[in-house]
Structures are given as C-alpha cells and as structure tokens.
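This is my_file-v7.csv. It holds CSV, C-alpha atoms.
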```
chain,number,residue,atom,x,y,z
R,1,TRP,CA,-29.4,-22.9,-32.8
R,2,ASN,CA,-30.7,-24.8,-35.7
R,3,ILE,CA,-34.4,-24.5,-35.8
R,4,SER,CA,-36.9,-25.5,-38.6
R,5,GLN,CA,-40.4,-24.2,-38.7
R,6,GLU,CA,-43.1,-24.3,-41.4
R,7,SER,CA,-44.7,-20.9,-42.0
R,8,LEU,CA,-48.4,-20.3,-42.6
R,9,ASP,CA,-48.1,-20.5,-46.3
R,10,GLY,CA,-46.2,-23.8,-46.1
R,11,ALA,CA,-42.7,-22.4,-46.7
R,12,LEU,CA,-39.9,-23.9,-44.5
R,13,VAL,CA,-38.1,-21.3,-42.4
R,14,LYS,CA,-34.7,-22.2,-40.8
R,15,ILE,CA,-32.9,-20.2,-38.1
R,16,TYR,CA,-29.2,-20.9,-37.5
R,17,SER,CA,-27.0,-19.7,-34.6
R,18,LYS,CA,-23.2,-20.1,-33.8
R,19,ALA,CA,-20.8,-19.2,-31.1
R,20,VAL,CA,-19.3,-15.7,-31.5
R,21,PHE,CA,-17.0,-13.3,-29.6
R,22,ALA,CA,-19.0,-10.8,-27.6
R,23,LEU,CA,-16.4,-8.2,-26.6
R,24,ASP,CA,-17.7,-4.7,-26.3
R,25,PRO,CA,-16.4,-2.6,-29.3
R,26,ASP,CA,-15.1,0.0,-26.9
R,27,LEU,CA,-12.7,-2.5,-25.5
R,28,ARG,CA,-11.2,-3.6,-28.8
R,29,ALA,CA,-8.5,-0.9,-28.7
R,30,LEU,CA,-6.4,-1.0,-25.6
R,31,GLN,CA,-3.8,1.4,-24.3
R,32,LEU,CA,-1.3,-0.6,-22.2
R,33,TYR,CA,1.9,0.5,-20.4
R,34,ALA,CA,5.1,-1.4,-20.0
R,35,GLY,CA,5.5,-2.9,-16.6
R,36,ILE,CA,1.8,-2.5,-15.6
R,37,PRO,CA,-0.1,-5.8,-15.5
R,38,PHE,CA,-3.5,-6.1,-17.2
R,39,LYS,CA,-6.2,-8.6,-17.9
R,40,LEU,CA,-8.9,-8.4,-20.6
R,41,VAL,CA,-11.6,-11.0,-20.3
R,42,ILE,CA,-13.1,-11.9,-23.7
R,43,PRO,CA,-16.7,-13.1,-23.4
R,44,ILE,CA,-18.0,-15.7,-25.9
R,45,CYS,CA,-21.7,-16.0,-26.7
R,46,LYS,CA,-22.3,-19.7,-26.7
R,47,GLY,CA,-24.8,-19.9,-29.5
R,48,GLY,CA,-23.2,-23.1,-30.8
R,49,PRO,CA,-20.3,-25.5,-30.2
R,50,TYR,CA,-16.7,-24.3,-30.2
R,51,THR,CA,-13.5,-26.1,-29.1
R,52,ALA,CA,-10.6,-23.6,-29.0
R,53,VAL,CA,-9.4,-20.0,-29.4
R,54,ALA,CA,-6.2,-19.3,-31.2
R,55,ALA,CA,-4.1,-16.2,-31.9
R,56,ALA,CA,-3.2,-15.5,-35.5
R,57,GLY,CA,0.4,-14.4,-35.4
R,58,ASN,CA,2.6,-13.4,-32.5
R,59,LEU,CA,1.4,-11.5,-29.4
R,60,PRO,CA,3.5,-8.6,-28.0
R,61,ASP,CA,6.2,-9.4,-25.5
R,62,GLY,CA,4.8,-10.0,-22.1
R,63,VAL,CA,1.2,-10.7,-23.3
R,64,ILE,CA,-0.3,-14.2,-23.3
R,65,MET,CA,-3.7,-15.6,-24.2
R,66,VAL,CA,-5.5,-18.1,-22.0
R,67,PHE,CA,-8.4,-20.3,-23.1
R,68,SER,CA,-10.4,-22.8,-21.2
R,69,PRO,CA,-14.0,-24.0,-21.5
R,70,ASP,CA,-14.9,-21.6,-18.7
R,71,GLU,CA,-13.1,-18.4,-19.8
R,72,CYS,CA,-10.9,-16.7,-22.4
R,73,TYR,CA,-8.6,-13.7,-21.7
R,74,LEU,CA,-5.5,-11.7,-22.7
R,75,ALA,CA,-3.2,-10.9,-19.8
R,76,GLY,CA,0.3,-10.3,-18.8
R,77,THR,CA,2.8,-7.5,-18.1
R,78,PRO,CA,3.6,-5.8,-21.4
R,79,ALA,CA,7.2,-5.0,-22.3
R,80,LEU,CA,8.9,-2.8,-24.9
R,81,PRO,CA,11.7,-3.8,-27.2
R,82,GLY,CA,15.3,-3.0,-26.4
R,83,ASP,CA,15.1,0.4,-28.2
R,84,GLY,CA,12.3,1.4,-25.9
R,85,GLN,CA,10.1,2.5,-28.8
R,86,PRO,CA,6.3,2.3,-28.4
R,87,VAL,CA,4.5,-0.8,-29.8
R,88,ASN,CA,1.3,-0.8,-31.9
R,89,ALA,CA,0.1,-4.3,-32.6
R,90,GLU,CA,-2.9,-5.7,-34.3
R,91,VAL,CA,-4.0,-9.0,-32.7
R,92,THR,CA,-6.5,-11.3,-34.3
R,93,LEU,CA,-8.1,-14.1,-32.3
R,94,LEU,CA,-9.9,-17.0,-34.0
R,95,LEU,CA,-12.8,-18.9,-32.5
R,96,LEU,CA,-12.6,-22.5,-33.7
R,97,ASN,CA,-14.8,-25.6,-33.7
R,98,GLY,CA,-12.9,-28.8,-34.6
R,99,GLY,CA,-10.2,-26.7,-36.3
R,100,GLN,CA,-12.7,-24.7,-38.4
R,101,GLU,CA,-12.9,-21.0,-37.9
R,102,ILE,CA,-16.4,-19.8,-36.9
R,103,ASP,CA,-15.6,-16.2,-35.8
R,104,ARG,CA,-12.7,-13.8,-35.5
R,105,LEU,CA,-11.9,-10.8,-33.3
R,106,THR,CA,-9.4,-8.1,-34.1
R,107,LEU,CA,-7.8,-6.0,-31.3
R,108,GLN,CA,-5.5,-3.0,-31.4
R,109,LEU,CA,-2.9,-3.0,-28.7
R,110,SER,CA,-0.8,0.1,-28.0
R,111,ILE,CA,2.1,-0.2,-25.5
R,112,GLN,CA,3.9,2.8,-24.2
R,113,ALA,CA,6.7,3.5,-21.7
R,114,LEU,CA,6.1,4.8,-18.2
R,115,ASN,CA,7.9,7.6,-16.4
R,116,GLU,CA,11.3,6.0,-15.4
R,117,ALA,CA,10.8,6.9,-11.8
R,118,LEU,CA,7.4,5.1,-11.7
R,119,VAL,CA,9.1,2.0,-13.3
R,120,ASP,CA,11.5,2.0,-10.3
R,121,PHE,CA,8.7,2.2,-7.9
R,122,ILE,CA,6.9,-0.7,-9.4
R,123,ASP,CA,9.9,-2.9,-8.5
R,124,LYS,CA,9.7,-1.7,-4.8
R,125,GLY,CA,8.6,-4.4,-2.4
R,126,VAL,CA,7.6,-2.4,0.7
R,127,PHE,CA,5.9,0.9,1.5
R,128,ALA,CA,4.9,2.5,4.8
R,129,GLY,CA,3.0,5.5,5.9
R,130,PHE,CA,0.3,7.0,8.2
R,131,LEU,CA,-3.2,8.3,8.4
R,132,HIS,CA,-4.0,12.0,8.9
R,133,SER,CA,-6.7,13.1,11.4
R,134,GLY,CA,-8.3,15.7,9.1
R,135,ASN,CA,-8.2,18.2,12.0
R,136,GLN,CA,-5.5,20.8,11.8
R,137,ASP,CA,-5.3,20.9,15.6
R,138,ILE,CA,-4.5,17.2,15.7
R,139,THR,CA,-1.0,16.6,14.2
R,140,ASN,CA,-0.4,13.1,15.4
R,141,PRO,CA,-1.1,10.1,13.1
R,142,VAL,CA,-4.5,8.4,13.7
R,143,GLY,CA,-3.3,5.2,12.0
R,144,SER,CA,-0.6,3.5,10.1
R,145,LEU,CA,-0.2,1.7,6.7
R,146,ASN,CA,2.1,-1.1,5.6
R,147,LEU,CA,2.2,-2.3,2.0
R,148,ASN,CA,4.0,-5.6,1.1
R,149,LYS,CA,4.5,-7.1,-2.3
R,150,ALA,CA,4.1,-10.9,-2.8
R,151,ALA,CA,6.1,-13.1,-5.2
R,152,ASP,CA,3.4,-12.8,-7.9
R,153,GLY,CA,3.6,-9.0,-7.9
R,154,THR,CA,0.4,-8.2,-6.0
R,155,PHE,CA,0.3,-6.0,-2.9
R,156,THR,CA,-1.4,-6.7,0.5
R,157,ALA,CA,-2.2,-3.7,2.7
R,158,THR,CA,-2.4,-3.6,6.5
R,159,VAL,CA,-4.1,-0.6,8.1
R,160,ILE,CA,-4.3,0.1,11.8
R,161,SER,CA,-6.6,3.0,12.6
R,162,LYS,CA,-8.0,4.7,15.7
R,163,ASP,CA,-11.4,3.4,14.7
R,164,ALA,CA,-10.8,-0.3,15.5
R,165,THR,CA,-8.4,-2.2,17.7
R,166,GLU,CA,-7.8,-4.9,15.2
R,167,PRO,CA,-5.9,-4.2,11.9
R,168,VAL,CA,-7.6,-4.4,8.6
R,169,LEU,CA,-5.9,-6.8,6.2
R,170,PHE,CA,-6.8,-6.0,2.6
R,171,GLU,CA,-6.7,-8.7,-0.1
R,172,PRO,CA,-4.0,-8.6,-2.8
R,173,THR,CA,-4.2,-6.2,-5.8
R,174,ARG,CA,-1.9,-4.9,-8.5
R,175,TRP,CA,-0.7,-1.5,-9.6
R,176,SER,CA,-2.7,0.1,-12.4
R,177,TYR,CA,-1.9,3.4,-14.1
R,178,ASP,CA,-3.7,6.8,-14.5
R,179,PRO,CA,-2.3,8.3,-17.7
R,180,GLN,CA,-3.9,11.7,-17.1
R,181,ALA,CA,-2.4,12.2,-13.6
R,182,GLU,CA,0.7,10.1,-14.5
R,183,GLU,CA,0.3,8.2,-11.2
R,184,LEU,CA,0.3,4.6,-10.2
R,185,LEU,CA,-2.9,3.3,-8.5
R,186,LEU,CA,-3.8,0.6,-6.0
R,187,GLU,CA,-7.5,0.1,-5.6
R,188,PHE,CA,-8.2,-2.6,-2.9
R,189,PRO,CA,-11.4,-4.6,-2.7
R,190,GLU,CA,-13.7,-3.7,0.1
R,191,LYS,CA,-13.0,-5.5,3.4
R,192,ASP,CA,-15.7,-5.7,6.1
R,193,GLY,CA,-17.0,-2.2,5.3
R,194,ASN,CA,-13.4,-0.7,5.0
R,195,TYR,CA,-12.1,0.9,1.8
R,196,LEU,CA,-8.6,1.8,0.7
R,197,SER,CA,-7.5,3.7,-2.4
R,198,LEU,CA,-3.8,4.7,-3.0
R,199,ARG,CA,-1.9,6.9,-5.5
R,200,LEU,CA,1.8,7.1,-6.1
R,201,SER,CA,3.4,10.0,-8.1
R,202,ALA,CA,6.8,10.0,-9.8
R,203,ASP,CA,8.4,12.0,-7.0
R,204,GLY,CA,7.8,9.0,-4.7
R,205,GLU,CA,5.1,10.6,-2.5
R,206,GLY,CA,2.0,8.5,-2.0
R,207,THR,CA,-1.4,9.7,-1.1
R,208,GLY,CA,-4.8,8.2,-0.7
R,209,SER,CA,-7.8,7.6,1.5
R,210,PHE,CA,-8.9,5.0,4.1
R,211,ARG,CA,-12.6,4.8,4.9
R,212,SER,CA,-13.9,2.7,7.8
R,213,PRO,CA,-17.5,2.3,9.0
R,214,ILE,CA,-16.8,5.2,11.4
R,215,GLY,CA,-14.7,7.8,9.5
R,216,GLU,CA,-12.6,8.7,6.5
R,217,TYR,CA,-9.0,9.7,6.6
R,218,ALA,CA,-6.4,11.0,4.1
R,219,LEU,CA,-3.0,9.2,4.2
R,220,SER,CA,0.6,9.6,3.1
R,221,PHE,CA,3.0,6.8,2.3
R,222,TYR,CA,6.5,6.3,0.9
R,223,PRO,CA,8.7,3.5,-0.4
R,224,ALA,CA,10.9,1.8,2.3
R,225,THR,CA,14.3,3.5,2.5
R,226,ALA,CA,16.9,2.6,-0.2
R,227,THR,CA,19.7,3.1,2.4
R,228,PRO,CA,18.7,1.0,5.4
R,229,LEU,CA,22.3,0.6,6.7
R,230,GLU,CA,22.3,4.3,7.4
R,231,TYR,CA,19.7,3.7,10.2
R,232,ASP,CA,20.1,0.1,11.4
R,233,GLY,CA,20.7,-0.4,15.1
R,234,TYR,CA,19.0,-0.7,18.5
R,235,TYR,CA,17.5,2.5,19.9
R,236,THR,CA,16.1,3.5,23.3
R,237,VAL,CA,13.5,6.3,23.2
R,238,ALA,CA,12.0,8.3,26.1
R,239,LEU,CA,8.5,9.5,25.5
R,240,ARG,CA,9.0,12.8,27.2
R,241,PHE,CA,6.7,15.9,27.7
R,242,PRO,CA,6.9,18.4,24.8
R,243,ASN,CA,8.2,21.2,27.0
R,244,PHE,CA,11.3,21.6,29.2
R,245,ASP,CA,9.9,23.1,32.4
R,246,TYR,CA,10.7,20.1,34.5
R,247,ASP,CA,14.0,19.4,36.2
R,248,PRO,CA,16.3,17.5,33.8
R,249,ALA,CA,17.7,15.7,36.9
R,250,ASP,CA,14.4,14.0,37.2
R,251,ASN,CA,14.9,12.5,33.7
R,252,PHE,CA,11.1,12.0,33.6
R,253,ALA,CA,9.1,10.5,30.8
R,254,MET,CA,5.5,9.3,30.2
R,255,GLY,CA,6.8,6.0,28.9
R,256,TRP,CA,9.6,4.4,26.8
R,257,LEU,CA,10.0,2.8,23.4
R,258,LEU,CA,12.6,0.3,22.2
R,259,LEU,CA,13.3,0.3,18.5
R,260,THR,CA,15.3,-2.1,16.4
R,261,ILE,CA,16.0,-1.3,12.8
R,262,ASP,CA,17.5,-4.2,10.8
R,263,ALA,CA,19.7,-4.3,7.7
R,264,ASP,CA,16.7,-4.3,5.4
R,265,GLY,CA,15.0,-1.2,7.1
R,266,LYS,CA,12.4,-3.2,9.0
R,267,ALA,CA,11.6,-1.4,12.2
R,268,THR,CA,10.3,-3.4,15.2
R,269,TYR,CA,9.3,-1.6,18.4
R,270,SER,CA,7.9,-2.2,21.8
R,271,GLY,CA,7.4,-0.3,25.0
R,272,GLU,CA,5.5,0.6,28.1
R,273,MET,CA,3.6,3.7,29.3
R,274,GLN,CA,3.8,5.0,32.9
R,275,ASP,CA,0.4,3.4,33.7
R,276,GLY,CA,1.7,-0.1,32.9
R,277,THR,CA,0.1,-0.6,29.5
R,278,THR,CA,2.5,-2.2,27.0
R,279,PHE,CA,2.6,-2.3,23.2
R,280,THR,CA,4.5,-3.7,20.2
R,281,GLY,CA,4.5,-2.9,16.5
R,282,VAL,CA,6.3,-3.5,13.2
R,283,THR,CA,6.8,-1.1,10.3
R,284,TRP,CA,9.6,0.2,7.9
R,285,VAL,CA,11.9,3.2,7.7
R,286,TYR,CA,11.2,5.6,4.8
R,287,ASN,CA,12.4,8.9,3.6
R,288,GLN,CA,10.0,11.8,3.2
R,289,GLU,CA,10.5,14.1,0.2
R,290,ASN,CA,14.1,12.9,-0.4
R,291,ASP,CA,15.0,13.8,3.2
R,292,SER,CA,18.3,12.1,4.3
R,293,TRP,CA,16.8,11.5,7.7
R,294,GLY,CA,14.7,8.4,8.0
R,295,THR,CA,11.1,8.4,9.4
R,296,VAL,CA,9.5,5.6,11.4
R,297,THR,CA,5.7,5.7,12.0
R,298,PHE,CA,4.6,4.2,15.3
R,299,PHE,CA,0.9,3.6,16.0
R,300,VAL,CA,-0.6,1.2,18.5
R,301,HIS,CA,-3.8,0.7,20.5
R,302,LEU,CA,-3.4,0.6,24.2
R,303,GLU,CA,-5.7,-1.7,26.1
R,304,LYS,CA,-6.5,-1.2,29.8
R,305,GLU,CA,-4.7,-3.9,31.6
R,306,GLU,CA,-5.4,-3.1,35.3
R,307,ALA,CA,-7.0,-0.5,37.5
R,308,GLY,CA,-5.4,2.9,37.1
R,309,SER,CA,-4.3,2.3,33.5
R,310,TYR,CA,-5.9,3.7,30.3
R,311,SER,CA,-7.2,2.5,27.0
R,312,GLY,CA,-6.6,4.6,23.9
R,313,TYR,CA,-3.8,4.8,21.4
R,314,LEU,CA,-0.2,6.0,20.9
R,315,GLY,CA,1.0,7.5,17.6
R,316,GLY,CA,3.8,9.6,16.2
R,317,LEU,CA,6.6,10.0,13.7
R,318,LEU,CA,10.2,9.4,14.7
R,319,ALA,CA,13.0,11.1,12.7
R,320,VAL,CA,16.2,9.0,12.7
R,321,ALA,CA,19.5,10.7,11.9
R,322,PRO,CA,21.6,8.9,9.2
R,323,LYS,CA,24.8,7.5,10.6
R,324,SER,CA,26.8,9.7,8.2
R,325,GLN,CA,25.5,12.8,10.0
R,326,ARG,CA,25.9,11.7,13.6
R,327,ASN,CA,28.5,13.2,15.9
R,328,PRO,CA,31.2,10.6,16.4
R,329,GLU,CA,32.6,12.7,19.4
R,330,LYS,CA,29.5,11.8,21.4
R,331,SER,CA,29.4,8.3,22.8
R,332,ASN,CA,25.6,8.4,23.2
R,333,ASP,CA,24.5,10.8,20.5
R,334,ALA,CA,20.8,11.8,20.6
R,335,CYS,CA,19.9,10.7,17.1
R,336,ILE,CA,16.2,9.8,17.1
R,337,SER,CA,13.4,12.3,18.0
R,338,ASP,CA,10.1,13.9,17.0
R,339,CYS,CA,10.9,17.6,16.3
R,340,GLY,CA,7.6,18.1,14.4
R,341,GLY,CA,5.2,17.8,17.3
R,342,THR,CA,3.5,14.8,15.7
R,343,SER,CA,3.5,12.4,18.7
R,344,ALA,CA,0.7,12.0,21.3
R,345,TRP,CA,-0.8,9.6,23.8
R,346,ILE,CA,-4.6,9.5,23.5
R,347,LYS,CA,-6.2,8.3,26.7
R,348,THR,CA,-9.8,7.2,26.7
R,349,ASN,CA,-12.2,6.6,29.5
R,350,GLY,CA,-15.6,5.6,28.2
R,351,GLU,CA,-16.6,8.4,25.8
R,352,ASN,CA,-14.1,10.8,27.2
R,353,GLU,CA,-10.8,11.4,25.4
R,354,GLU,CA,-7.6,13.1,26.7
R,355,ARG,CA,-4.7,14.0,24.4
R,356,GLN,CA,-1.2,14.1,25.9
R,357,GLU,CA,1.4,15.5,23.5
R,358,LEU,CA,4.8,13.8,23.6
R,359,PHE,CA,8.3,14.7,22.7
R,360,PRO,CA,10.2,11.4,22.0
R,361,CYS,CA,13.9,11.6,22.2
R,362,GLY,CA,16.3,8.7,22.0
R,363,THR,CA,19.8,7.4,21.4
R,364,VAL,CA,21.6,4.4,20.1
R,365,TYR,CA,21.6,1.9,23.0
R,366,ASP,CA,24.8,2.1,25.0
R,367,SER,CA,25.6,-1.2,26.7
R,368,THR,CA,27.8,0.5,29.2
R,369,LYS,CA,24.9,2.3,30.7
R,370,THR,CA,21.7,1.1,32.4
R,371,LEU,CA,18.5,1.1,30.4
R,372,GLN,CA,16.9,3.3,33.0
R,373,ALA,CA,19.6,5.9,32.6
R,374,GLN,CA,18.9,6.1,28.9
R,375,ILE,CA,15.1,6.1,28.7
R,376,GLY,CA,14.0,8.0,31.8
```
Please re-express this file's structure in structure tokens.
Amino acid sequence: WNISQESLDGALVKIYSKAVFALDPDLRALQLYAGIPFKLVIPICKGGPYTAVAAAGNLPDGVIMVFSPDECYLAGTPALPGDGQPVNAEVTLLLLNGGQEIDRLTLQLSIQALNEALVDFIDKGVFAGFLHSGNQDITNPVGSLNLNKAADGTFTATVISKDATEPVLFEPTRWSYDPQAEELLLEFPEKDGNYLSLRLSADGEGTGSFRSPIGEYALSFYPATATPLEYDGYYTVALRFPNFDYDPADNFAMGWLLLTIDADGKATYSGEMQDGTTFTGVTWVYNQENDSWGTVTFFVHLEKEEAGSYSGYLGGLLAVAPKSQRNPEKSNDACISDCGGTSAWIKTNGENEERQELFPCGTVYDSTKTLQAQIG
C-alpha cells in the first residue's frame, strides 16, 4: 500500500506496504532425504508489486525452484554427492520487482542418506498384498492390494475388499519418509469415503490399514518378486476340501482356478466354482519374509448368475514352489498349494454368510493330460 492521510494536528502520515515472503519460520529449516521427493510451497504476501523470485547461488543437486504469478515453490528429489556425505546448504531466495530486490528468504536444507534397503525399494515398480480380517478365527484374506508406479514416480493403489463389489482406485501419491521409525510412507488421498495408509520397513515387509465406510482392516504387502522366472508358467489348481476324508478316486473339488505367471511376475487367474459362478483377477507374485517360495494373493467377488448359485467372495494365498526346488522326476509335480489354511469360499444369501474352507492344490499344466484330469 501507499496511503497518505492528514492527522488531526495537520501532520501528514504515510503508510507504505510491499510484497514479502510469508513462509512460516518453522519451515525455514528442512530435513530432506536422498531419493525422497519433496515440495515446499513458499507463500508471498502480495502487499505490493513483484515480478520474479530468484535463487542466490546454486541449489543442491536434485532441487529446483519454480516461480509463476500463481505460485512459488522448491521441489525435487534430493541427491547426495558421489562420496555419499550429508549435505547442509543455505539457500537464499530473492523477491524482485523489475530487477530490484524487495525481500529475501534464507532456508537451511539438510540432506541425508536413507537406509540402502529403502533406497532399493523406492526403485521398485510393483507391490502386492492382502487385507486381514481382524478376527483370529478367520484366516483367509478379506481383500487384496496392488500398487503400481507411474513414469513420474507416483504410485496408484487398487484395493478390492469384501465391503464392496467394485475396486477402490486411489489417486497417485509419492513415498515420504518417517525418520523416527525409519520407514517409507504412502498416504493416499481419501476416495469416496475410503482411506489407505501404508508403511514399508527396511526388511521389505509392508503394513498399513484400509478403512471403508463399513469397516477397517490391517493389511500386509510386499514388493513383486525379484526372481519371476522361478515361477513363470501355466498352472491348474483344484479348489479342494481342506481334509482328506473323501475318496481320492472321486478327484472332487469345489471349483477350479487357472493361473498364468508371466516372465515379469504378473499373475493372471480365472476359474469357476461348482455352482457355476465364474471369476477373473490380476495380481503379482511376491516373496514373504525372504521366503524362496512365491506367494500369489487371489481375491474376487462372486456374483449370483443363476438359480442355485451363490453370491459372496473367494480369497486365499497360494504358495508357488520355485523351479529350482521342484522334483524333475515327476512329470506333473504338485508345486502350488495353500498349506497355511488361508483360503475360503464365502457364500452369502441375504444377510446370512457361510464359510467353506478350501485347500487349493495344483500343478504345472500338462498338455498330455485332460484339463479335467488335472483340476478335479
């Protein structure tokens, strides 16, 4: 402002105002981490005209400054020098009007290294996992999670839960870092009343929570396997009863599942239950707690298609033996199963719910035998 006003005694009083930086003092010292993107918006109080913001000196590697008439911010993915030593930099920003300095802002930037294991996980492009029921008597998954990284480094998340037949697609977000817990974080924006918060530790085990308008569930997730060629192939899986009190000659199953794992570890499955309901799904193979066996989460909603069929859902965890541990003497080695009792077919009829435990067991597809002979 530039205001003139005569006082009661006739003296002339002038009030001047100019544009200034308005960043909170608590945000003027930043702790950053190499490989973790950040963005710091720098507000400007528009008390007068200004035309530009300039940085006095060099910014740290990986850090840029962006200025437009609408916003000003520092952003980027900080990097450390070749020797890996921490960086402590003082950055001064100049607020200019026609080339003349009208204000300045000094920031302290400290850049440190992450745990090397976390650095490796930042580069991973795919993660997969499952939702827990929260009930110790219900061991089957009650949902699934897929995380996929885009070209710009952001992650999108797809959650399928027992609470809704349609998947929840969360908008892209980036890794952040919790220095106290030494964990990576993904906090997704709310989507239609659904919330997703994830943490990843240096041992590669991810945890978190998913909250829908109906319920809240803990979850586990892992990076997609680093050795997909140990598992790729075409598998047939019988969804059998969990006990063996039936006659093996009957070769009986409650349904079947066909699974294809490609050379990248992507797992595509489809199948049919005994009542005629069909299903399809896509996920990724992962390794739990450095286990050499791969794990495939399957979770799908089943919609009643005709009289005599059921609605509900089907969920479980399939363990896939690595090729290096299979028995070459068996032409049709049983190499995919659920030995942990985590698979179930949940049938619903109105408000009533029936849980049928399953014991999936399957093999690499043998083209010399009929499909019926391999799946039951």
Residue list as an MDAnalysis selection string for point (18.5, 11.9, 3.4), cut-off 12 Å, all atoms listed in the file: chainID R and resid 225:228 230:231 285:295 319:325
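Taking CA of Ile261 (chain R) and CA of Tyr235 (chain R) as endpoints, the distance between them is 8.2 Å.
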For Thr280 (chain R): contacts at 10 Å, only C-alpha atoms, fewer than 6 positions along chain excluded, given as a list in words: Leu257, Leu258, Leu259, Thr268, Tyr269, Ser270, Gly271, Glu272, Phe298, Phe299, Val300, His301 and Leu302 of chain R
Residue contacts of Leu145 (chain R) (9 Å, only C-alpha atoms) excluding same-chain residues fewer than 3 positions away, as a list in words: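 Here the answer would be Phe127, Ala128, Gly129, Phe130, Leu131, Ala157, Thr158, Val159, Ile160, Ser161, Leu219, Ser220, Phe221, Thr283 and Thr297 of chain R.
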Length of the CA of Leu184 (chain R) to CA of Asp203 (chain R) vector [Å]: 11.4 Å
Length of the CA of Ala202 (chain R) to CA of Leu186 (chain R) vector [Å]: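 Interatomic distance, CA of Ala202 (chain R) to CA of Leu186 (chain R): 14.7 Å.
With only the atoms specified (all atoms listed in the file) counting, those residues at most 12 Å away from (-14.1, -2.0, -31.0) are Phe21, Ala22, Leu23, Asp24, Pro25, Asp26, Leu27, Arg28, Ala29, Leu30, Leu105, Thr106, Leu107, Gln108 and Leu109 of chain R.
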Residue with smallest distance to Pro60 (chain R) - pool R:Ser110, R:Cys335, R:Ser17, R:Asn97, counting only C-alpha atoms: R:Ser110
R:Ala218, R:Ala113, R:Ala181, R:Ala56 ranked by distance to Gly134 (chain R), top pick (using all atoms listed in the file):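 For Gly134 (chain R), the nearest of the given residues is R:Ala218.
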Distance criterion (only C-alpha atoms): nearest to Ser343 (chain R) out of R:Ile138, R:Asp163, R:Lys149, R:Leu196: R:Ile138
Pick from R:Asp232, R:Glu166, R:Glu183, R:Asp338, whichever lies nearest to Gly208 (chain R) using all atoms listed in the file: R:Glu183
R:Ile64, R:Asp192, R:Thr165, R:Asn140 ranked by distance to Arg355 (chain R), top pick (using only C-alpha atoms): R:Asn140
Counting all atoms listed in the file, the residue of R:Gly143, R:Pro172, R:Gly99, R:Gly48 that sits nearest Ser209 (chain R):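 Among the listed residues, R:Gly143 lies closest to Ser209 (chain R).
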Non-local contacts of Phe359 (chain R) (10 Å; only C-alpha atoms; under 3 positions in same chain excluded) as number ranges by chain: R: 237-244, 253-254, 316, 318, 337-344
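Every protein or nucleic acid residue with an atom no more than 7 Å from Thr173 (chain R), counting all atoms listed in the file and leaving out same-chain residues fewer than 6 positions away, appears here: Thr154, Phe155, Thr156, Leu186 and Phe188 of chain R.
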Shell of 8 Å around Leu32 (chain R), only C-alpha atoms, local chain residues under 3 positions omitted, as a PyMOL selection string: chain R and resi 36+38+78+109-112
